[in-house]
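I have placed the structure first, in the form of structure tokens, so that the comments after it can refer back to it.
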Amino acid sequence: MLYPMFFMVMLTFVTLLFTLRIRLASVRRGDVSLSYYSMFQGEEIPDLVIKTSRNVANLFEVPVLFYAAGVLYVALEMSDTVPVTLAWIFVTARVIHTGIHLSYNNVMHRLIVFGLGNLSVLGMWISIVSSAGAA
């Protein structure tokens, strides 16, 4: 379980660095004033700045449930492979979601992989709770 959680952390940091790069470039080009970032309001913002910011926010929403399930799995010293497989499905879905979101941004494609990822987290929780309840 540690590896899928580590890959999510890496995806989050790569996306954070990409977002920082996009924000700095937008300020250097004069597309966004530096003061905009103090309250995130008051200006028309380029689409890529909005997309990267929204994607970072996505990486701190449902993934919280993923990390909680992963920590619980490790803390309970579980060995069932179903939650781990579902964790990898979640990570893969989030990588694909991020790729779609930050490139061609097709909403239906994003929705499908976003939903798949969310269902995998739900499956992780169900599997962990049912295994822990049996112990």
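In the structure tokens, chains take letters A, B, ... by order of appearance, with residues numbered from 1 within each chain and ligands from 1 in the order shown.
Near Thr81 in chain A, within a cut-off of 10 Å and counting only C-alpha atoms, sit the residues Met1, Ala87 and Ser127 of chain A, with same-chain residues fewer than 6 positions away left out.
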Can you check which parts of range 53-72 of chain A lie within 10 Å of range 89-105 of chain A? Per residue, the shortest pair of atoms and distance in Å to one decimal, counting only C-alpha atoms, sorted by chain and number, as a Markdown table.
| residue | atom | partner | partner_atom | distance |
| --- | --- | --- | --- | --- |
| A:Arg54 | CA | A:His101 | CA | 9.1 |
| A:Asn55 | CA | A:Thr98 | CA | 6.7 |
| A:Val56 | CA | A:Thr98 | CA | 9.1 |
| A:Asn58 | CA | A:Thr98 | CA | 9.1 |
| A:Leu59 | CA | A:Arg94 | CA | 8.3 |
| A:Pro63 | CA | A:Phe90 | CA | 8.8 |
| A:Phe66 | CA | A:Phe90 | CA | 8.1 |
**Asked** Could you pull the residues within 10 Å of Gly123 in chain A, counting only C-alpha atoms, minus those fewer than 6 positions along the same chain, as a PyMOL selection string?
**Response** chain A and resi 82-83+86-87+117+129
Write to file, as a compact mmCIF listing (two decimals), in the first residue's frame, the residues of the selection just made, with N, CA and C atoms.
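Written file, selection-v2.txt:
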# COMPACT_ATOMS: atom_id res chain seq x y z
N VAL A 82 -6.82 -7.03 -2.44
CA VAL A 82 -7.89 -6.26 -3.11
C VAL A 82 -7.73 -4.76 -2.86
N PRO A 83 -7.55 -4.29 -1.62
CA PRO A 83 -7.39 -2.85 -1.42
C PRO A 83 -6.15 -2.28 -2.14
N LEU A 86 -7.03 -1.97 -5.80
CA LEU A 86 -7.90 -0.81 -5.96
C LEU A 86 -7.14 0.50 -5.78
N ALA A 87 -6.14 0.50 -4.90
CA ALA A 87 -5.31 1.69 -4.72
C ALA A 87 -4.55 2.01 -6.00
N GLY A 117 -11.85 6.28 -10.47
CA GLY A 117 -10.98 6.48 -9.31
C GLY A 117 -11.76 6.55 -8.02
N VAL A 129 -12.95 -2.42 5.53
CA VAL A 129 -13.91 -2.56 6.63
C VAL A 129 -14.42 -3.98 6.74
